[in-house]
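Next up, coords.cif (mmCIF, C-alpha atoms and all ligand atoms):
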```cif
data_coords
loop_
_atom_site.label_atom_id
_atom_site.label_comp_id
_atom_site.auth_asym_id
_atom_site.auth_seq_id
_atom_site.Cartn_x
_atom_site.Cartn_y
_atom_site.Cartn_z
CA MET A 106 -21.25 -111.27 -41.75
CA LYS A 107 -22.94 -114.49 -40.80
CA GLN A 108 -20.28 -115.05 -38.15
CA ASP A 109 -20.72 -111.49 -36.84
CA SER A 110 -24.39 -112.10 -36.37
CA PHE A 111 -23.60 -115.31 -34.46
CA ILE A 112 -21.23 -113.41 -32.17
CA TYR A 113 -23.90 -110.75 -31.59
CA TYR A 114 -26.35 -113.45 -30.68
CA THR A 115 -23.92 -115.01 -28.18
CA LEU A 116 -23.30 -111.57 -26.65
CA HIS A 117 -27.04 -110.97 -26.43
CA LEU A 118 -27.45 -114.17 -24.40
CA ALA A 119 -24.50 -113.21 -22.22
CA ASP A 120 -25.70 -109.64 -21.61
CA ASN A 121 -29.19 -110.81 -20.62
CA ALA A 122 -27.73 -113.11 -17.99
CA LEU A 123 -25.14 -110.63 -16.71
CA ILE A 124 -27.48 -107.66 -16.34
CA LEU A 125 -30.27 -109.56 -14.63
CA GLY A 126 -27.68 -111.31 -12.46
CA HIS A 127 -26.26 -107.94 -11.47
CA ARG A 128 -29.70 -106.57 -10.68
CA ASN A 129 -30.50 -109.53 -8.45
CA SER A 130 -27.15 -109.21 -6.71
CA GLU A 131 -28.22 -105.76 -5.50
CA TRP A 132 -30.47 -107.63 -3.06
CA CYS A 133 -27.48 -109.20 -1.33
CA GLY A 134 -27.87 -108.34 2.35
CA HIS A 135 -31.26 -106.66 1.77
CA GLY A 136 -33.62 -109.61 1.18
CA PRO A 137 -36.89 -109.71 3.12
CA VAL A 138 -35.71 -112.73 5.13
CA LEU A 139 -32.36 -114.49 5.23
CA GLU A 140 -33.46 -117.58 3.26
CA GLN A 141 -34.87 -115.48 0.42
CA ASP A 142 -31.86 -113.20 0.43
CA ILE A 143 -29.79 -116.34 -0.11
CA ALA A 144 -32.19 -117.58 -2.78
CA ILE A 145 -32.08 -114.43 -4.91
CA THR A 146 -28.29 -114.19 -4.63
CA ASN A 147 -27.98 -117.88 -5.58
CA ILE A 148 -30.00 -117.08 -8.68
CA SER A 149 -27.65 -114.18 -9.31
CA LEU A 150 -24.68 -116.48 -9.12
CA ASP A 151 -26.25 -118.93 -11.57
CA LEU A 152 -26.98 -116.11 -14.03
CA ILE A 153 -23.51 -114.62 -13.78
CA GLY A 154 -22.08 -118.11 -14.28
CA GLN A 155 -24.15 -118.49 -17.43
CA ALA A 156 -22.99 -115.06 -18.58
CA ARG A 157 -19.37 -116.14 -18.08
CA ASN A 158 -19.87 -119.21 -20.25
CA PHE A 159 -21.41 -117.14 -23.05
CA TYR A 160 -18.78 -114.38 -22.79
CA GLN A 161 -15.92 -116.88 -22.83
CA TYR A 162 -17.36 -118.41 -25.96
CA ALA A 163 -17.96 -115.04 -27.62
CA ALA A 164 -14.38 -113.97 -26.81
CA LYS A 165 -13.04 -117.16 -28.35
CA LEU A 166 -15.05 -116.63 -31.53
CA MET A 167 -13.97 -112.99 -31.73
CA ASN A 168 -10.31 -113.81 -31.28
CA LYS A 169 -10.52 -116.53 -33.88
CA GLN A 170 -11.77 -114.22 -36.57
CA ASN A 171 -9.75 -111.20 -35.41
CA ALA A 172 -13.01 -109.42 -35.00
CA PRO A 173 -13.22 -105.75 -34.23
CA SER A 174 -15.32 -104.92 -31.20
CA PRO A 175 -18.96 -105.65 -32.11
CA ASN A 176 -19.69 -101.99 -32.66
CA GLY A 177 -16.41 -101.21 -34.36
CA LYS A 178 -14.58 -99.86 -31.32
CA GLU A 179 -11.14 -101.24 -30.54
CA VAL A 180 -10.72 -102.76 -27.09
CA GLY A 181 -7.03 -103.60 -27.47
CA GLY A 182 -5.30 -106.97 -27.21
CA GLU A 183 -7.12 -110.28 -27.01
CA PHE A 184 -10.79 -110.37 -26.14
CA THR A 185 -11.59 -111.90 -22.78
CA GLU A 186 -14.79 -112.46 -20.83
CA ASP A 187 -13.75 -109.62 -18.50
CA LYS A 188 -13.22 -107.14 -21.32
CA LEU A 189 -16.60 -107.96 -22.79
CA ALA A 190 -18.32 -107.44 -19.45
CA TYR A 191 -16.34 -104.48 -18.15
CA LEU A 192 -15.19 -102.46 -21.12
CA ARG A 193 -18.11 -102.21 -23.50
CA ASP A 194 -20.33 -99.14 -23.48
CA VAL A 195 -24.07 -98.94 -23.05
CA ARG A 196 -24.83 -98.96 -26.76
CA GLU A 197 -22.89 -102.19 -27.25
CA PHE A 198 -24.96 -104.11 -24.70
CA LYS A 199 -27.66 -106.25 -26.27
CA ASN A 200 -29.72 -107.31 -23.28
CA CYS A 201 -33.51 -107.03 -23.25
CA LEU A 202 -34.89 -103.98 -21.47
CA LEU A 203 -36.70 -106.20 -18.98
CA ALA A 204 -33.40 -107.38 -17.48
CA GLU A 205 -32.24 -103.86 -16.62
CA GLN A 206 -35.47 -102.65 -14.96
CA PRO A 207 -34.97 -101.63 -11.34
CA ASN A 208 -35.60 -104.04 -8.49
CA GLY A 209 -38.42 -101.96 -7.05
CA ASP A 210 -39.98 -103.89 -4.18
CA TRP A 211 -39.87 -107.66 -3.67
CA ALA A 212 -42.98 -108.10 -5.84
CA GLN A 213 -41.36 -106.35 -8.79
CA THR A 214 -38.14 -108.36 -8.45
CA ILE A 215 -40.16 -111.58 -8.27
CA LEU A 216 -42.28 -110.75 -11.28
CA ARG A 217 -39.26 -109.70 -13.34
CA GLN A 218 -37.58 -112.99 -12.45
CA PHE A 219 -40.70 -114.98 -13.27
CA PHE A 220 -41.15 -113.36 -16.70
CA PHE A 221 -37.48 -113.79 -17.43
CA SER A 222 -37.07 -117.35 -16.13
CA THR A 223 -40.09 -118.47 -18.14
CA TYR A 224 -38.51 -116.93 -21.22
CA GLN A 225 -35.09 -118.46 -20.50
CA PHE A 226 -36.64 -121.84 -19.80
CA TYR A 227 -38.25 -122.20 -23.24
CA LEU A 228 -35.38 -120.41 -24.99
CA TYR A 229 -32.72 -122.67 -23.51
CA ARG A 230 -34.84 -125.70 -24.22
CA GLN A 231 -35.01 -124.73 -27.88
CA LEU A 232 -31.28 -123.95 -27.95
CA GLN A 233 -30.49 -127.28 -26.36
CA GLU A 234 -32.70 -129.26 -28.71
CA SER A 235 -32.23 -127.61 -32.04
CA HIS A 236 -29.30 -125.26 -32.16
CA PRO A 237 -26.67 -126.42 -34.65
CA ASP A 238 -23.84 -124.92 -32.62
CA GLU A 239 -22.60 -127.49 -30.12
CA GLN A 240 -21.20 -125.08 -27.56
CA LEU A 241 -24.35 -122.92 -27.38
CA ALA A 242 -26.43 -126.07 -27.03
CA ALA A 243 -24.12 -127.28 -24.23
CA ILE A 244 -24.31 -123.99 -22.30
CA ALA A 245 -28.09 -124.04 -22.70
CA ALA A 246 -28.37 -127.63 -21.47
CA LYS A 247 -26.23 -126.85 -18.45
CA SER A 248 -28.14 -123.64 -17.65
CA LEU A 249 -31.55 -125.21 -18.11
CA LYS A 250 -31.13 -127.26 -14.94
CA GLU A 251 -30.56 -124.06 -12.97
CA VAL A 252 -33.34 -122.15 -14.69
CA THR A 253 -35.77 -124.93 -13.76
CA TYR A 254 -35.11 -124.08 -10.12
CA HIS A 255 -35.47 -120.34 -10.79
CA LEU A 256 -38.75 -120.84 -12.60
CA ARG A 257 -40.25 -122.95 -9.85
CA TRP A 258 -39.12 -120.57 -7.13
CA SER A 259 -40.40 -117.43 -8.88
CA SER A 260 -43.70 -119.10 -9.90
CA GLU A 261 -44.39 -120.04 -6.30
CA TRP A 262 -43.71 -116.48 -5.20
CA VAL A 263 -45.98 -114.99 -7.88
CA ILE A 264 -48.80 -117.21 -6.62
CA ARG A 265 -48.02 -116.52 -2.98
CA LEU A 266 -48.05 -112.74 -3.47
CA GLY A 267 -50.81 -112.48 -6.07
CA ASP A 268 -53.17 -114.67 -4.08
CA GLY A 269 -51.86 -113.45 -0.71
CA THR A 270 -52.84 -110.44 1.36
CA GLU A 271 -54.42 -107.26 0.12
CA GLU A 272 -51.05 -105.54 0.38
CA SER A 273 -49.09 -108.24 -1.48
CA ARG A 274 -51.70 -108.33 -4.23
CA LYS A 275 -51.61 -104.55 -4.60
CA ARG A 276 -47.83 -104.72 -5.00
CA MET A 277 -48.06 -107.52 -7.56
CA LEU A 278 -50.56 -105.54 -9.63
CA ASN A 279 -48.31 -102.51 -9.43
CA ALA A 280 -45.31 -104.58 -10.57
CA LEU A 281 -47.37 -106.00 -13.41
CA GLU A 282 -48.25 -102.52 -14.61
CA ASN A 283 -44.58 -101.48 -14.49
CA LEU A 284 -43.10 -104.54 -16.17
CA TRP A 285 -45.67 -105.75 -18.67
CA PRO A 286 -44.66 -103.20 -21.37
CA TYR A 287 -41.14 -104.70 -21.31
CA THR A 288 -42.22 -108.28 -22.02
CA GLY A 289 -43.02 -107.79 -25.70
CA GLU A 290 -39.40 -107.18 -26.65
CA LEU A 291 -38.44 -110.72 -25.68
CA PHE A 292 -40.24 -112.00 -28.76
CA VAL A 293 -39.38 -109.32 -31.31
CA PRO A 294 -36.39 -110.79 -33.13
CA ALA A 295 -33.31 -108.66 -33.66
CA ALA A 296 -31.50 -109.06 -36.99
CA TYR A 297 -29.06 -111.51 -35.40
CA GLU A 298 -31.91 -113.69 -34.13
CA THR A 299 -34.15 -114.04 -37.15
CA ASP A 300 -32.63 -117.07 -38.84
CA ARG A 301 -31.63 -118.63 -35.56
CA MET A 302 -34.53 -119.03 -33.18
CA ASP A 303 -38.24 -119.68 -33.45
CA LEU A 304 -39.38 -116.86 -31.16
CA LYS A 305 -43.00 -117.32 -32.18
CA ASN A 306 -42.95 -120.76 -30.65
CA ILE A 307 -41.25 -119.50 -27.49
CA LYS A 308 -43.81 -116.72 -27.21
CA GLU A 309 -46.71 -119.19 -27.32
CA GLN A 310 -45.20 -121.35 -24.61
CA TRP A 311 -44.28 -118.31 -22.52
CA ALA A 312 -47.82 -116.88 -22.73
CA GLN A 313 -49.36 -120.22 -21.78
CA LYS A 314 -47.13 -120.60 -18.75
CA VAL A 315 -47.75 -117.02 -17.60
CA LYS A 316 -51.52 -117.50 -18.03
CA ASP A 317 -51.42 -120.71 -15.97
CA ILE A 318 -49.48 -119.18 -13.11
CA PHE A 319 -51.48 -115.93 -13.20
CA SER A 320 -54.73 -117.83 -13.00
CA GLU A 321 -53.48 -119.61 -9.86
CA ALA A 322 -52.27 -116.28 -8.53
CA THR A 323 -55.66 -114.70 -9.38
CA LEU A 324 -53.82 -112.03 -11.39
CA PRO A 325 -55.26 -110.64 -14.64
CA TYR A 326 -53.40 -111.51 -17.85
CA PRO A 327 -53.02 -108.11 -19.53
CA ALA A 328 -53.87 -107.30 -23.13
CA GLU A 329 -50.90 -107.19 -25.51
CA GLY A 330 -50.76 -103.38 -25.80
CA TRP A 331 -47.86 -101.13 -26.75
CA MET A 332 -44.42 -102.51 -25.92
CA HIS A 333 -40.97 -100.96 -25.44
CA THR A 334 -38.21 -102.30 -27.69
CA GLY A 335 -34.59 -101.45 -28.47
CA GLY A 336 -32.46 -103.19 -25.85
CA LYS A 337 -31.47 -106.01 -28.18
CA THR A 338 -29.91 -103.49 -30.55
CA GLY A 339 -28.32 -101.27 -27.93
CA MET A 340 -31.06 -98.66 -27.40
CA HIS A 341 -31.47 -98.91 -23.64
CA THR A 342 -33.49 -97.23 -20.92
CA GLU A 343 -31.59 -94.86 -18.65
CA GLN A 344 -31.28 -97.75 -16.17
CA LEU A 345 -28.44 -99.54 -17.93
CA GLY A 346 -26.08 -96.56 -17.72
CA PHE A 347 -26.38 -96.59 -13.92
CA ILE A 348 -25.85 -100.34 -13.78
CA LEU A 349 -22.69 -100.13 -15.89
CA ALA A 350 -21.38 -97.19 -13.88
CA GLU A 351 -21.43 -99.42 -10.82
CA LEU A 352 -20.45 -102.66 -12.54
CA GLN A 353 -17.57 -101.23 -14.57
CA PHE A 354 -16.22 -98.52 -12.30
CA MET A 355 -13.26 -100.47 -10.88
CA GLN A 356 -11.98 -101.72 -14.24
CA ARG A 357 -12.33 -98.29 -15.79
CA ALA A 358 -10.68 -96.42 -12.91
CA TYR A 359 -7.96 -99.00 -12.29
CA PRO A 360 -7.48 -100.88 -15.58
CA ASN A 361 -6.53 -104.56 -15.20
CA SER A 362 -6.93 -104.49 -11.42
CA GLU A 363 -7.51 -107.89 -9.86
CA TRP A 364 -8.66 -109.02 -6.44
CA MET B 19 4.76 -153.60 -27.25
CA SER B 20 1.58 -155.34 -28.36
CA ARG B 21 -1.75 -153.56 -28.45
CA THR B 22 -3.07 -155.27 -25.35
CA GLU B 23 0.08 -154.57 -23.37
CA GLU B 24 -0.09 -150.93 -24.35
CA HIS B 25 -3.72 -150.78 -23.29
CA THR B 26 -2.94 -152.27 -19.87
CA THR B 27 -0.14 -149.79 -19.26
CA VAL B 28 -2.32 -146.84 -20.21
CA SER B 29 -5.15 -147.88 -17.91
CA ALA B 30 -2.69 -148.59 -15.09
CA GLU B 31 -1.31 -145.08 -15.58
CA THR B 32 -4.85 -143.64 -15.61
CA LYS B 33 -5.62 -145.49 -12.38
CA LYS B 34 -2.53 -143.96 -10.83
CA ILE B 35 -3.61 -140.47 -11.85
CA GLU B 36 -7.10 -141.10 -10.48
CA MET B 37 -5.52 -142.05 -7.15
CA ILE B 38 -3.58 -138.77 -7.17
CA LEU B 39 -6.73 -136.81 -7.96
CA GLU B 40 -8.34 -138.33 -4.86
CA GLN B 41 -6.14 -135.84 -2.99
CA VAL B 42 -7.63 -132.81 -4.74
CA HIS B 43 -10.56 -131.50 -2.76
CA ASP B 44 -13.50 -129.21 -3.43
CA PRO B 45 -12.64 -126.01 -1.53
CA GLU B 46 -16.31 -125.48 -0.65
CA VAL B 47 -17.01 -129.03 0.49
CA PRO B 48 -13.50 -130.05 1.57
CA VAL B 49 -14.56 -133.57 2.54
CA LEU B 50 -15.13 -134.44 -1.14
CA SER B 51 -12.40 -135.07 -3.68
CA VAL B 52 -12.86 -134.18 -7.33
CA MET B 53 -13.17 -137.92 -7.97
CA ASP B 54 -15.96 -138.26 -5.37
CA LEU B 55 -17.81 -135.35 -6.98
CA GLY B 56 -17.66 -136.99 -10.38
CA ILE B 57 -16.43 -133.85 -12.10
CA VAL B 58 -13.37 -135.54 -13.67
CA ARG B 59 -14.79 -136.74 -16.97
CA ASP B 60 -11.69 -138.05 -18.71
CA ILE B 61 -7.94 -138.43 -18.44
CA LYS B 62 -6.08 -138.46 -21.72
CA TRP B 63 -2.55 -138.50 -23.07
CA ASN B 64 -1.79 -136.33 -26.08
CA ASN B 65 1.76 -137.55 -26.80
CA ASP B 66 3.66 -136.32 -23.71
CA GLU B 67 0.92 -133.99 -22.51
CA LEU B 68 -1.52 -135.10 -19.84
CA GLU B 69 -5.02 -133.73 -20.31
CA VAL B 70 -7.58 -133.79 -17.50
CA ILE B 71 -11.12 -133.02 -18.58
CA ILE B 72 -13.43 -131.62 -15.93
CA THR B 73 -16.98 -130.29 -15.86
CA PRO B 74 -18.48 -127.72 -13.45
CA THR B 75 -21.25 -128.65 -11.03
CA TYR B 76 -23.06 -125.35 -11.56
CA SER B 77 -22.49 -122.64 -14.21
CA GLY B 78 -21.58 -120.13 -11.52
CA CYS B 79 -19.56 -122.47 -9.32
CA PRO B 80 -16.83 -120.15 -8.04
CA ALA B 81 -14.66 -123.12 -7.05
CA MET B 82 -13.89 -124.28 -10.59
CA ASP B 83 -10.85 -122.06 -11.14
CA VAL B 84 -9.36 -123.09 -7.81
CA ILE B 85 -10.08 -126.74 -8.57
CA SER B 86 -8.38 -126.51 -11.99
CA LEU B 87 -5.36 -124.93 -10.37
CA SER B 88 -5.12 -127.50 -7.57
CA ILE B 89 -5.38 -130.38 -10.02
CA LYS B 90 -2.49 -128.91 -11.93
CA MET B 91 -0.39 -128.24 -8.83
CA THR B 92 -1.00 -131.71 -7.42
CA LEU B 93 -0.04 -133.41 -10.67
CA LEU B 94 3.07 -131.22 -10.94
CA SER B 95 4.11 -132.23 -7.45
CA HIS B 96 3.81 -135.87 -8.53
CA GLY B 97 6.26 -135.35 -11.35
CA TYR B 98 3.93 -134.78 -14.28
CA LYS B 99 5.24 -131.94 -16.41
CA LYS B 100 2.98 -131.07 -19.30
CA ILE B 101 -0.55 -130.78 -17.97
CA LYS B 102 -3.62 -129.36 -19.61
CA ILE B 103 -6.93 -128.87 -17.80
CA THR B 104 -9.94 -128.64 -20.09
CA GLN B 105 -13.41 -127.64 -18.94
CA VAL B 106 -16.38 -129.10 -20.81
CA LEU B 107 -20.06 -128.37 -20.24
CA SER B 108 -21.64 -131.26 -22.07
CA PRO B 109 -22.94 -133.66 -20.91
CA ALA B 110 -24.00 -131.53 -17.95
CA TRP B 111 -22.94 -132.71 -14.52
CA THR B 112 -25.52 -134.50 -12.41
CA THR B 113 -25.53 -135.59 -8.76
CA ASP B 114 -25.86 -139.16 -10.11
CA TRP B 115 -22.13 -138.98 -10.86
CA MET B 116 -21.23 -138.58 -7.20
CA SER B 117 -19.56 -141.72 -5.88
CA GLU B 118 -21.12 -143.84 -3.14
CA GLU B 119 -17.98 -143.23 -1.12
CA GLY B 120 -18.52 -139.47 -1.63
CA LYS B 121 -22.10 -139.75 -0.37
CA ARG B 122 -20.91 -141.55 2.76
CA LYS B 123 -18.28 -138.89 3.38
CA LEU B 124 -20.84 -136.12 2.95
CA ALA B 125 -23.22 -137.65 5.49
CA ALA B 126 -20.39 -138.14 7.99
CA TYR B 127 -19.44 -134.49 7.45
CA GLY B 128 -22.97 -133.33 8.33
CA ILE B 129 -24.32 -132.66 4.83
CA ALA B 130 -27.21 -134.83 3.65
CA PRO B 131 -26.13 -136.49 0.37
CA PRO B 132 -28.31 -136.18 -2.75
CA ASN B 133 -31.14 -138.67 -2.94
CA PRO B 134 -30.47 -141.35 -5.53
CA LYS B 135 -33.77 -140.78 -7.26
CA GLN B 136 -34.27 -137.27 -8.61
CA GLN B 137 -37.49 -136.03 -7.11
CA VAL B 138 -37.54 -132.27 -7.48
CA CYS B 139 -35.73 -131.56 -10.74
CA ASN B 140 -38.91 -130.56 -12.51
CA ASP B 141 -41.04 -127.45 -12.62
CA LYS B 142 -43.91 -128.78 -10.47
CA LEU B 143 -44.98 -126.15 -7.94
CA PHE B 144 -45.28 -126.48 -4.20
CA ALA B 145 -44.03 -130.04 -4.49
CA PRO B 146 -43.98 -131.91 -1.18
CA ASP B 147 -40.56 -131.80 0.45
CA GLU B 148 -38.26 -134.61 -0.41
CA ALA B 149 -37.74 -137.13 2.33
CA VAL B 150 -34.22 -136.18 3.30
CA GLN B 151 -32.48 -137.99 6.12
CA CYS B 152 -31.01 -135.88 8.91
CA PRO B 153 -27.23 -136.42 8.86
CA HIS B 154 -27.10 -135.94 12.64
CA CYS B 155 -29.80 -138.19 14.13
CA HIS B 156 -30.78 -140.08 10.93
CA SER B 157 -34.45 -139.17 11.24
CA TYR B 158 -36.48 -138.73 8.05
CA HIS B 159 -38.71 -136.36 9.95
CA THR B 160 -37.25 -133.22 8.37
CA HIS B 161 -38.48 -130.24 6.36
CA ARG B 162 -37.06 -127.91 3.76
CA VAL B 163 -36.37 -124.37 4.92
CA SER B 164 -35.20 -123.11 1.52
CA GLU B 165 -34.22 -124.77 -1.72
CA PHE B 166 -31.31 -122.38 -2.02
CA GLY B 167 -28.56 -122.84 0.55
CA SER B 168 -25.10 -121.67 1.51
CA THR B 169 -23.68 -122.62 -1.90
CA ALA B 170 -25.26 -123.21 -5.32
CA CYS B 171 -25.27 -126.97 -4.81
CA LYS B 172 -27.12 -127.07 -1.50
CA ALA B 173 -30.61 -126.61 -0.06
CA LEU B 174 -31.33 -125.76 3.56
CA TYR B 175 -33.22 -128.25 5.75
CA GLN B 176 -34.11 -128.62 9.37
CA CYS B 177 -34.65 -131.78 11.39
CA ASP B 178 -37.97 -131.96 13.25
CA ASP B 179 -36.62 -134.45 15.75
CA CYS B 180 -33.20 -133.18 16.82
CA LYS B 181 -34.06 -129.64 15.58
CA GLU B 182 -30.64 -129.21 13.98
CA PRO B 183 -30.51 -127.30 10.70
CA PHE B 184 -28.48 -128.99 7.99
CA ASP B 185 -27.43 -128.65 4.35
CA TYR B 186 -28.77 -131.00 1.72
CA PHE B 187 -26.67 -131.54 -1.41
CA LYS B 188 -29.63 -131.06 -3.73
CA CYS B 189 -30.35 -133.15 -6.77
CA HIS B 190 -29.23 -131.66 -10.03
ZN ZN C 1 -31.95 -134.81 13.34
#
```
This entry written out as structure tokens:
Amino acid sequence: MKQDSFIYYTLHLADNALILGHRNSEWCGHGPVLEQDIAITNISLDLIGQARNFYQYAAKLMNKQNAPSPNGKEVGGEFTEDKLAYLRDVREFKNCLLAEQPNGDWAQTILRQFFFSTYQFYLYRQLQESHPDEQLAAIAAKSLKEVTYHLRWSSEWVIRLGDGTEESRKRMLNALENLWPYTGELFVPAAYETDRMDLKNIKEQWAQKVKDIFSEATLPYPAEGWMHTGGKTGMHTEQLGFILAELQFMQRAYPNSEW
Amino acid sequence: MSRTEEHTTVSAETKKIEMILEQVHDPEVPVLSVMDLGIVRDIKWNNDELEVIITPTYSGCPAMDVISLSIKMTLLSHGYKKIKITQVLSPAWTTDWMSEEGKRKLAAYGIAPPNPKQQVCNDKLFAPDEAVQCPHCHSYHTHRVSEFGSTACKALYQCDDCKEPFDYFKCH
């Protein structure tokens, strides 16, 4: 059981990175200017790379213990990173709801990235420093270097837009209203997280960072308020179904196809 | 064979393999070999099996699978039979591991090599641009266009003197 919970946790980290990476990749060819199109798709690539590392590790752990699929459904044959990404159903995905929220406009994509990168930054730092599992700590250490870039880039954009023109500020405030109710879930531990991570500590650091950047961006830091939860245990918004339909279509329609 | 003799033979053999790996290039920056990049972390013998341990530059580096395969193919073509390529993530790769020779090759190829001192690998905002030398006219009078470039490992710069845009192999 303890091992199952560790596998769930690894899948949770993988799903977060994959789903946000996929969302960002939807900007490919649609960015506001070429340089920023390249920036957001670079961030996508980093996230999908992180997801691959976590999935590969989860697959290895699952094969080692002859695990059934995390929710009891048989996938058939050995687990691989591809099977975990392409053949699990919505309810088996454990990503936070924030990651699956739609891109909206540039302001909403930026704010989602900023909230998420801040979270990943402190999370990976904790994983790197204090997680007893060597491989998770190694993936975190590797990813942290990339997330540092993401955090700086998204922070600068939050300030630029929040403290920018009337229009950019209006869009930032709108994004804030849309996304804020999805930030609380990041710090509500799922069963597989409780004995593993100090989310209280991450929450404090996250809130401080967001307050600092918001004050430079002249954006209001909202009250805590009611928050959506459920993503970490497979209860998703309608958004994830659409993402998976696009992400998984090829493997489902043409099993084992390669390109 | 005495211990010292054995040691000499092993390191001579390792040297030979390193020379062979000089011929394996990064498909995205073909002027650099895997040795120049510093991604070969160890070369080991497990009885008759040769193990090459490599580490990715970035988590999402799409070149890693191709690189693993070309290392294997190259070693096979040099007569090595049992070859294992292992990828490790820790310690994480840094641009400090790039060889001086690699940096020279990069500059000659038109890509500004990473600065020796890491200046922007922190979360400070709106940091002044790093002084990056233009690989074309060697001016330091350049500015950053975007810190994300054509591949994960590069940032985009432009020279204010010769006006040429160029890639900078960013510090990591
Ligand atoms: Zn120049």
Which chains and residue numbers are within 10 Å of ligand ZN 1 (chain C), counting only C-alpha atoms and all ligand atoms, if I want them as a count of residues only? 19
What are the nearest atom pairs, with distances in Å to one decimal, for all residues of chain A that come at most 9 Å from chain B, using all atoms listed in the file, set out by chain and rising residue number as CSV?
```
residue,atom,partner,partner_atom,distance
A:Glu140,CA,B:Ser164,CA,6.1
A:Gln141,CA,B:Ser164,CA,7.7
A:Ile143,CA,B:Phe166,CA,6.5
A:Ala144,CA,B:Phe166,CA,4.9
A:Ile145,CA,B:Phe166,CA,8.5
A:Asn147,CA,B:Ala170,CA,6.0
A:Ile148,CA,B:Ala170,CA,8.4
A:Ser149,CA,B:Gly78,CA,8.8
A:Leu150,CA,B:Gly78,CA,5.4
A:Asp151,CA,B:Gly78,CA,4.8
A:Leu152,CA,B:Gly78,CA,7.2
A:Ile153,CA,B:Gly78,CA,6.3
A:Gly154,CA,B:Gly78,CA,3.5
A:Gln155,CA,B:Ser77,CA,5.5
A:Ala156,CA,B:Ser77,CA,8.8
A:Arg157,CA,B:Gly78,CA,8.0
A:Asn158,CA,B:Ser77,CA,7.4
A:Glu239,CA,B:Ser108,CA,8.9
A:Gln240,CA,B:Leu107,CA,8.1
A:Ala242,CA,B:Ser108,CA,8.6
A:Ala243,CA,B:Ser108,CA,5.2
A:Ile244,CA,B:Leu107,CA,6.4
A:Ala246,CA,B:Ala110,CA,6.8
A:Lys247,CA,B:Ala110,CA,5.2
A:Ser248,CA,B:Ser77,CA,6.7
A:Lys250,CA,B:His190,CA,6.9
A:Glu251,CA,B:Tyr76,CA,7.7
A:Thr253,CA,B:Asp141,CA,6.0
A:Tyr254,CA,B:Asp141,CA,7.3
A:Leu256,CA,B:Asp141,CA,7.0
A:Arg257,CA,B:Asp141,CA,5.3
A:Trp258,CA,B:Leu143,CA,8.1
A:Ser260,CA,B:Leu143,CA,7.4
A:Glu261,CA,B:Leu143,CA,6.4
```
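For the set B:Ser51, B:Ser117, B:Gln105, B:Gln41, the residue with the smallest atom-to-atom gap to B:Met82 is B:Gln105, counting only C-alpha atoms.
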Shell of 12 Å around A:Lys169, all atoms listed in the file, local chain residues under 2 positions omitted, as an NGL selection string: :A and (108-109 or 112 or 162-167 or 171-173 or 183-184)
Give as a PyMOL selection string the set of residues within 10 Å of the point (-34.0, -106.6, -6.2), where distances use the file's coordinates and all atoms listed in the file. chain A and resi 125+127-133+135-136+142+145-146+206-215+217-218
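Counting from atom CA of A:Tyr297, the distance to atom CA of A:Ala245 is 17.9 Å.
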Expected residue set, 10 Å radius at (-51.2, -119.1, -14.8), all atoms listed in the file, as number ranges by chain: A: 260, 263-264, 312-326
Please dump the current selection as a CSV table (one decimal), in the frame of the given file; keep C-alpha atoms.
```csv
chain,number,residue,atom,x,y,z
A,260,SER,CA,-43.7,-119.1,-9.9
A,263,VAL,CA,-46.0,-115.0,-7.9
A,264,ILE,CA,-48.8,-117.2,-6.6
A,312,ALA,CA,-47.8,-116.9,-22.7
A,313,GLN,CA,-49.4,-120.2,-21.8
A,314,LYS,CA,-47.1,-120.6,-18.8
A,315,VAL,CA,-47.8,-117.0,-17.6
A,316,LYS,CA,-51.5,-117.5,-18.0
A,317,ASP,CA,-51.4,-120.7,-16.0
A,318,ILE,CA,-49.5,-119.2,-13.1
A,319,PHE,CA,-51.5,-115.9,-13.2
A,320,SER,CA,-54.7,-117.8,-13.0
A,321,GLU,CA,-53.5,-119.6,-9.9
A,322,ALA,CA,-52.3,-116.3,-8.5
A,323,THR,CA,-55.7,-114.7,-9.4
A,324,LEU,CA,-53.8,-112.0,-11.4
A,325,PRO,CA,-55.3,-110.6,-14.6
A,326,TYR,CA,-53.4,-111.5,-17.8
```
Applying 7 Å and all atoms listed in the file, which residues near stretch 276-286 of chain A remain after dropping the ones on its own chain fewer than 2 positions away? List them as JSON, numbers by chain. {"A": [212, 213, 216, 266, 267, 272, 273, 274, 288, 289, 331, 332, 333]}
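Interatomic distance, atom CA of B:Asn65 against atom CA of B:Lys102: 12.2 Å.
Here atom CA of B:Trp115 stands at a distance of 4.9 Å from atom CA of B:Gly56.
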